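Peer 1: Pasting a structure here, questions to come.
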Amino acid sequence: MTEHQSSKAAGTSKIRELFAMSYQPSAMSQRGFTLIELAIVLVIIGIIIGAVLKGQDLIDNARHKKLIAETKQWETLTWAYYDRKGRFPGDSDKNGIIDANVKADIQNAKFVNEPTVPLTIGSYSFYIFLGGNATDKRNAIVVCTTGDCNPTSVSDEELNYLISIDSSIDGVENKGTGIVRSGTGFTANSATWTVTGWTVDNSSGDWTSATKGLLYYFDKKP
Ligand SMILES: [Ca+2]
């Protein structure tokens with residue numbers, strides 16, 4: 001064997017040795033995790049989960065605010081219309097009760113910020129209408145989750161949207177007090193954006209999925 005060959009052989013065996021070493025489980029991985037390492041990992045996981053939940057909270061909040069803003073926009077628009085025409089949109093006979101074509105009146109008025117019906121926020125759609133109740137001579141802005149204001153069920157998320165309007169306007173969440181209340185039945189027409197009748201739940205308490213929609217008495221306190 002020449003000197004060159006022997007040094008080459010030595011080199012090869014050195015490489016084999018390193019190669020074998022790299023596949024040996026290290027002392028580090030054999031000893032497992034210490035309690036402190038586990039604690040650190042748990043704290044980091046906690047921070048990540050906290051950040052994700054906080055992020056979801058912020059998104060929900062922003063979405064709720066959008067529906068609140070849209071409801072208030074309807075109120076502004078209704079009074080702006082009243083200023084201009086001396087009556088509410090949908091009150092063509094001027095008896096103070098909204099019962100005719102709200103959509104036609106609003107579209108004819110050509111407002112810069114015309115409302116969108118339905119309003120889609122995230123994966124939910126909300127129908128905001130105007131209506132009157134001839135029996136108790138009161139008008140309301142109605143917020144529902146379906147075009148006929150008669151949903152088979154209202155999900156917890158949808159309920160939270162309605163509750164956020166109540167707490168924003170009334171200052172407290174209560175389905176049967178204040179100027180924002182829960183409706184348990186509506187006669188609604190999505191083609192005219194008009195509600196011509198409703199049953200209101202005047203019993204004080206928390207909002208439940210029994211609601212069919214929200215009533216906001218914007219013109220007269222109950
Ligand atoms: Ca209320």
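Numbering starts fresh at 1 for the residues of each chain in the structure tokens, the chains themselves are lettered A, B, ... in the order given, and ligands are numbered from 1 as they appear.
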Please return as a VMD selection string: the residues of segment 73-175 of chain A that backbone DSSP assigns to alpha helix (DSSP H).

Peer 2: chain A and resid 73 to 85 102 to 109 156 to 170

Peer 1: Please, which residues in chain A fall within 10 Å of ligand 1 when counting only C-alpha atoms and all ligand atoms, and what is the closest atom pair and distance in Å to one decimal for each, ordered by chain then residue number, as a Markdown table?

Peer 2:
| residue | atom | partner | partner_atom_place_in_ligand_line | distance |
| --- | --- | --- | --- | --- |
| A:Ile163 | CA | ligand 1 | 1 (Ca) | 8.4 |
| A:Ile165 | CA | ligand 1 | 1 (Ca) | 8.8 |
| A:Asp166 | CA | ligand 1 | 1 (Ca) | 5.1 |
| A:Ser167 | CA | ligand 1 | 1 (Ca) | 7.1 |
| A:Ser168 | CA | ligand 1 | 1 (Ca) | 9.5 |
| A:Ile169 | CA | ligand 1 | 1 (Ca) | 7.9 |
| A:Asp170 | CA | ligand 1 | 1 (Ca) | 5.5 |
| A:Gly171 | CA | ligand 1 | 1 (Ca) | 8.1 |
| A:Val172 | CA | ligand 1 | 1 (Ca) | 6.6 |
| A:Glu173 | CA | ligand 1 | 1 (Ca) | 5.7 |
| A:Asn174 | CA | ligand 1 | 1 (Ca) | 4.3 |
| A:Lys175 | CA | ligand 1 | 1 (Ca) | 4.8 |
| A:Gly176 | CA | ligand 1 | 1 (Ca) | 5.7 |
| A:Thr177 | CA | ligand 1 | 1 (Ca) | 4.6 |
| A:Gly178 | CA | ligand 1 | 1 (Ca) | 4.5 |
| A:Ile179 | CA | ligand 1 | 1 (Ca) | 5.9 |
| A:Val180 | CA | ligand 1 | 1 (Ca) | 4.1 |
| A:Arg181 | CA | ligand 1 | 1 (Ca) | 4.8 |
| A:Ser182 | CA | ligand 1 | 1 (Ca) | 7.7 |
| A:Asn202 | CA | ligand 1 | 1 (Ca) | 9.3 |
| A:Ser204 | CA | ligand 1 | 1 (Ca) | 8.6 |
| A:Gly205 | CA | ligand 1 | 1 (Ca) | 9.1 |
| A:Asp206 | CA | ligand 1 | 1 (Ca) | 9.3 |
| A:Trp207 | CA | ligand 1 | 1 (Ca) | 9.1 |
| A:Leu214 | CA | ligand 1 | 1 (Ca) | 9.3 |
| A:Leu215 | CA | ligand 1 | 1 (Ca) | 9.0 |
| A:Tyr216 | CA | ligand 1 | 1 (Ca) | 8.6 |

Peer 1: Would you output that residue set with N, CA and C atoms, as a PDB file, in the first residue's frame?

Peer 2:
ATOM      1  N   ILE A 163     -77.669  40.841  20.368  1.00  0.00           N
ATOM      2  CA  ILE A 163     -77.386  41.298  21.732  1.00  0.00           C
ATOM      3  C   ILE A 163     -76.456  42.511  21.706  1.00  0.00           C
ATOM      4  N   ILE A 165     -76.325  44.820  19.515  1.00  0.00           N
ATOM      5  CA  ILE A 165     -77.107  46.022  19.176  1.00  0.00           C
ATOM      6  C   ILE A 165     -77.856  46.505  20.421  1.00  0.00           C
ATOM      7  N   ASP A 166     -78.471  45.546  21.139  1.00  0.00           N
ATOM      8  CA  ASP A 166     -79.214  45.892  22.356  1.00  0.00           C
ATOM      9  C   ASP A 166     -78.305  46.581  23.368  1.00  0.00           C
ATOM     10  N   SER A 167     -77.134  45.995  23.626  1.00  0.00           N
ATOM     11  CA  SER A 167     -76.257  46.568  24.651  1.00  0.00           C
ATOM     12  C   SER A 167     -75.676  47.897  24.189  1.00  0.00           C
ATOM     13  N   SER A 168     -75.512  48.061  22.876  1.00  0.00           N
ATOM     14  CA  SER A 168     -74.966  49.323  22.374  1.00  0.00           C
ATOM     15  C   SER A 168     -75.987  50.457  22.511  1.00  0.00           C
ATOM     16  N   ILE A 169     -77.266  50.167  22.235  1.00  0.00           N
ATOM     17  CA  ILE A 169     -78.285  51.225  22.251  1.00  0.00           C
ATOM     18  C   ILE A 169     -78.901  51.394  23.650  1.00  0.00           C
ATOM     19  N   ASP A 170     -79.247  50.275  24.297  1.00  0.00           N
ATOM     20  CA  ASP A 170     -79.887  50.359  25.616  1.00  0.00           C
ATOM     21  C   ASP A 170     -78.878  50.444  26.766  1.00  0.00           C
ATOM     22  N   GLY A 171     -77.654  50.052  26.513  1.00  0.00           N
ATOM     23  CA  GLY A 171     -76.639  50.064  27.580  1.00  0.00           C
ATOM     24  C   GLY A 171     -76.633  48.782  28.397  1.00  0.00           C
ATOM     25  N   VAL A 172     -77.697  47.997  28.304  1.00  0.00           N
ATOM     26  CA  VAL A 172     -77.755  46.698  28.982  1.00  0.00           C
ATOM     27  C   VAL A 172     -78.319  45.655  28.018  1.00  0.00           C
ATOM     28  N   GLU A 173     -78.013  44.407  28.285  1.00  0.00           N
ATOM     29  CA  GLU A 173     -78.559  43.323  27.458  1.00  0.00           C
ATOM     30  C   GLU A 173     -79.831  42.819  28.118  1.00  0.00           C
ATOM     31  N   ASN A 174     -80.984  43.204  27.583  1.00  0.00           N
ATOM     32  CA  ASN A 174     -82.250  42.719  28.135  1.00  0.00           C
ATOM     33  C   ASN A 174     -83.288  42.726  27.022  1.00  0.00           C
ATOM     34  N   LYS A 175     -83.805  41.551  26.729  1.00  0.00           N
ATOM     35  CA  LYS A 175     -84.686  41.397  25.568  1.00  0.00           C
ATOM     36  C   LYS A 175     -86.031  42.098  25.738  1.00  0.00           C
ATOM     37  N   GLY A 176     -86.431  42.389  26.986  1.00  0.00           N
ATOM     38  CA  GLY A 176     -87.772  42.922  27.209  1.00  0.00           C
ATOM     39  C   GLY A 176     -87.823  44.321  27.804  1.00  0.00           C
ATOM     40  N   THR A 177     -86.658  44.994  27.903  1.00  0.00           N
ATOM     41  CA  THR A 177     -86.669  46.356  28.446  1.00  0.00           C
ATOM     42  C   THR A 177     -85.949  47.289  27.481  1.00  0.00           C
ATOM     43  N   GLY A 178     -86.150  48.597  27.681  1.00  0.00           N
ATOM     44  CA  GLY A 178     -85.476  49.586  26.844  1.00  0.00           C
ATOM     45  C   GLY A 178     -86.152  49.751  25.489  1.00  0.00           C
ATOM     46  N   ILE A 179     -85.445  50.396  24.560  1.00  0.00           N
ATOM     47  CA  ILE A 179     -86.034  50.649  23.242  1.00  0.00           C
ATOM     48  C   ILE A 179     -85.612  49.597  22.218  1.00  0.00           C
ATOM     49  N   VAL A 180     -84.774  48.651  22.646  1.00  0.00           N
ATOM     50  CA  VAL A 180     -84.431  47.512  21.785  1.00  0.00           C
ATOM     51  C   VAL A 180     -84.981  46.242  22.428  1.00  0.00           C
ATOM     52  N   ARG A 181     -85.847  45.536  21.697  1.00  0.00           N
ATOM     53  CA  ARG A 181     -86.495  44.344  22.269  1.00  0.00           C
ATOM     54  C   ARG A 181     -86.518  43.182  21.284  1.00  0.00           C
ATOM     55  N   SER A 182     -86.820  42.052  21.838  1.00  0.00           N
ATOM     56  CA  SER A 182     -86.865  40.842  21.013  1.00  0.00           C
ATOM     57  C   SER A 182     -88.262  40.639  20.437  1.00  0.00           C
ATOM     58  N   ASN A 202     -92.004  41.308  25.805  1.00  0.00           N
ATOM     59  CA  ASN A 202     -91.747  42.376  26.776  1.00  0.00           C
ATOM     60  C   ASN A 202     -91.310  41.852  28.140  1.00  0.00           C
ATOM     61  N   SER A 204     -88.783  40.794  30.821  1.00  0.00           N
ATOM     62  CA  SER A 204     -87.398  41.101  31.131  1.00  0.00           C
ATOM     63  C   SER A 204     -86.558  39.810  31.216  1.00  0.00           C
ATOM     64  N   GLY A 205     -85.368  39.838  30.655  1.00  0.00           N
ATOM     65  CA  GLY A 205     -84.494  38.663  30.751  1.00  0.00           C
ATOM     66  C   GLY A 205     -83.455  38.623  29.649  1.00  0.00           C
ATOM     67  N   ASP A 206     -82.689  37.551  29.655  1.00  0.00           N
ATOM     68  CA  ASP A 206     -81.637  37.371  28.652  1.00  0.00           C
ATOM     69  C   ASP A 206     -82.236  37.003  27.299  1.00  0.00           C
ATOM     70  N   TRP A 207     -81.546  37.394  26.248  1.00  0.00           N
ATOM     71  CA  TRP A 207     -81.929  37.004  24.897  1.00  0.00           C
ATOM     72  C   TRP A 207     -81.758  35.491  24.757  1.00  0.00           C
ATOM     73  N   LEU A 214     -84.908  41.437  16.002  1.00  0.00           N
ATOM     74  CA  LEU A 214     -84.785  42.540  16.954  1.00  0.00           C
ATOM     75  C   LEU A 214     -85.622  43.737  16.508  1.00  0.00           C
ATOM     76  N   LEU A 215     -86.243  44.385  17.495  1.00  0.00           N
ATOM     77  CA  LEU A 215     -87.021  45.598  17.247  1.00  0.00           C
ATOM     78  C   LEU A 215     -86.315  46.772  17.904  1.00  0.00           C
ATOM     79  N   TYR A 216     -86.119  47.815  17.148  1.00  0.00           N
ATOM     80  CA  TYR A 216     -85.520  49.030  17.714  1.00  0.00           C
ATOM     81  C   TYR A 216     -86.545  50.154  17.535  1.00  0.00           C
TER      82      TYR A 216
END

Peer 1: Write out as a list of chain:residue names which residues come within 9 Å of Phe186 of chain A when counting only C-alpha atoms, dropping same-chain ones fewer than 3 positions away.

Peer 2: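 In the requested format, the answer is A:Asp148, A:Cys149, A:Asn150, A:Gly183, A:Val195, A:Thr196, A:Gly197, A:Trp198, A:Thr199, A:Val200, A:Lys212, A:Gly213.
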
Peer 1: Of the candidates A:Gln56, A:Thr187, A:Thr192, A:Thr145, which shows the shortest atom-to-atom distance to Leu162 of chain A, using only C-alpha atoms?

Peer 2: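 When distances to Leu162 of chain A are compared using only C-alpha atoms, the smallest one comes from A:Thr145.
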
Peer 1: Point out the residue among A:Thr184, A:Gln107, A:Thr34, A:Ser203 with the least atom-to-atom distance to Pro151 of chain A, counting only C-alpha atoms.

Peer 2: A:Thr184

Peer 1: Give me the residues within 12 Å of segment 58-60 of chain A as a ChimeraX atom specification, counting only C-alpha atoms and dropping any in the same chain fewer than 6 places off.

Peer 2: /A:51-52,66-67,121-124,157-158,160-161,164

Peer 1: To one decimal place, how far is atom CA of Ile47 of chain A from atom CA of Ser155 of chain A in Å?

Peer 2: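 Pair atom CA of Ile47 of chain A / atom CA of Ser155 of chain A returns 29.5 Å.
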
Peer 1: Which residue, A:Ala140, A:Asp105, A:Ser92, A:Ser190, has the smallest gap to Val117 of chain A when you use only C-alpha atoms?

Peer 2: A:Ser190

Peer 1: Could you pull out the strand (DSSP E) residues of segment 150-200 of chain A from DSSP and send them as JSON, numbers by chain?

Peer 2: {"A": [180, 181, 182, 183, 184, 185, 186, 187, 188, 189, 194, 195, 196, 197, 198, 199, 200]}

Peer 1: Output N, CA and C atoms for every residue in that selection, as a PDB file, in the first residue's frame.

Peer 2:
ATOM      1  N   VAL A 180     -84.774  48.651  22.646  1.00  0.00           N
ATOM      2  CA  VAL A 180     -84.431  47.512  21.785  1.00  0.00           C
ATOM      3  C   VAL A 180     -84.981  46.242  22.428  1.00  0.00           C
ATOM      4  N   ARG A 181     -85.847  45.536  21.697  1.00  0.00           N
ATOM      5  CA  ARG A 181     -86.495  44.344  22.269  1.00  0.00           C
ATOM      6  C   ARG A 181     -86.518  43.182  21.284  1.00  0.00           C
ATOM      7  N   SER A 182     -86.820  42.052  21.838  1.00  0.00           N
ATOM      8  CA  SER A 182     -86.865  40.842  21.013  1.00  0.00           C
ATOM      9  C   SER A 182     -88.262  40.639  20.437  1.00  0.00           C
ATOM     10  N   GLY A 183     -88.314  40.368  19.140  1.00  0.00           N
ATOM     11  CA  GLY A 183     -89.587  40.053  18.503  1.00  0.00           C
ATOM     12  C   GLY A 183     -89.729  38.548  18.369  1.00  0.00           C
ATOM     13  N   THR A 184     -90.938  38.041  18.622  1.00  0.00           N
ATOM     14  CA  THR A 184     -91.131  36.591  18.524  1.00  0.00           C
ATOM     15  C   THR A 184     -91.947  36.215  17.289  1.00  0.00           C
ATOM     16  N   GLY A 185     -92.381  37.232  16.545  1.00  0.00           N
ATOM     17  CA  GLY A 185     -93.104  36.973  15.301  1.00  0.00           C
ATOM     18  C   GLY A 185     -93.184  38.245  14.483  1.00  0.00           C
ATOM     19  N   PHE A 186     -92.989  38.115  13.167  1.00  0.00           N
ATOM     20  CA  PHE A 186     -93.008  39.294  12.304  1.00  0.00           C
ATOM     21  C   PHE A 186     -93.786  39.002  11.032  1.00  0.00           C
ATOM     22  N   THR A 187     -94.398  40.050  10.472  1.00  0.00           N
ATOM     23  CA  THR A 187     -94.921  39.968   9.118  1.00  0.00           C
ATOM     24  C   THR A 187     -94.012  40.868   8.287  1.00  0.00           C
ATOM     25  N   ALA A 188     -93.090  40.238   7.550  1.00  0.00           N
ATOM     26  CA  ALA A 188     -92.076  41.001   6.832  1.00  0.00           C
ATOM     27  C   ALA A 188     -92.130  40.720   5.338  1.00  0.00           C
ATOM     28  N   ASN A 189     -91.771  41.734   4.559  1.00  0.00           N
ATOM     29  CA  ASN A 189     -91.719  41.583   3.113  1.00  0.00           C
ATOM     30  C   ASN A 189     -90.344  42.040   2.629  1.00  0.00           C
ATOM     31  N   THR A 194     -90.308  46.080   4.200  1.00  0.00           N
ATOM     32  CA  THR A 194     -91.335  46.578   5.124  1.00  0.00           C
ATOM     33  C   THR A 194     -91.835  45.485   6.068  1.00  0.00           C
ATOM     34  N   VAL A 195     -91.953  45.840   7.338  1.00  0.00           N
ATOM     35  CA  VAL A 195     -92.564  44.950   8.327  1.00  0.00           C
ATOM     36  C   VAL A 195     -93.900  45.571   8.721  1.00  0.00           C
ATOM     37  N   THR A 196     -94.973  44.803   8.626  1.00  0.00           N
ATOM     38  CA  THR A 196     -96.294  45.371   8.878  1.00  0.00           C
ATOM     39  C   THR A 196     -96.931  44.872  10.176  1.00  0.00           C
ATOM     40  N   GLY A 197     -96.204  44.066  10.903  1.00  0.00           N
ATOM     41  CA  GLY A 197     -96.742  43.628  12.184  1.00  0.00           C
ATOM     42  C   GLY A 197     -95.707  42.817  12.944  1.00  0.00           C
ATOM     43  N   TRP A 198     -95.865  42.794  14.238  1.00  0.00           N
ATOM     44  CA  TRP A 198     -94.927  42.006  15.054  1.00  0.00           C
ATOM     45  C   TRP A 198     -95.516  41.667  16.405  1.00  0.00           C
ATOM     46  N   THR A 199     -94.934  40.653  17.024  1.00  0.00           N
ATOM     47  CA  THR A 199     -95.229  40.321  18.406  1.00  0.00           C
ATOM     48  C   THR A 199     -93.930  40.555  19.162  1.00  0.00           C
ATOM     49  N   VAL A 200     -94.010  41.336  20.226  1.00  0.00           N
ATOM     50  CA  VAL A 200     -92.788  41.649  20.963  1.00  0.00           C
ATOM     51  C   VAL A 200     -92.778  40.934  22.306  1.00  0.00           C
TER      52      VAL A 200
END

Peer 1: With a distance cut-off of 7 Å and only C-alpha atoms, select the neighbouring residues of Pro118 of chain A, excluding the residue or stretch itself and same-chain residues fewer than 4 positions from it, and output the selection as an MDAnalysis selection string.

Peer 2: chainID A and resid 125:127

Peer 1: Choose the residue, out of A:Ile128, A:Cys144, A:Val112, A:Ala210, that has the smallest atom-to-atom separation from Glu75 of chain A; count only C-alpha atoms.

Peer 2: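 Closest residue, counting only C-alpha atoms: A:Ile128.
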
Peer 1: Go ahead and compute the interatomic distance for atom CA of Lys220 of chain A and atom CA of Phe111 of chain A, in Å to one decimal.

Peer 2: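 Result for atom CA of Lys220 of chain A versus atom CA of Phe111 of chain A: 24.3 Å, one decimal.
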
Peer 1: Atom CA of Gly90 of chain A to atom CA of Ala134 of chain A: how many Å, to one decimal?

Peer 2: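 Interatomic distance here is 13.3 Å.
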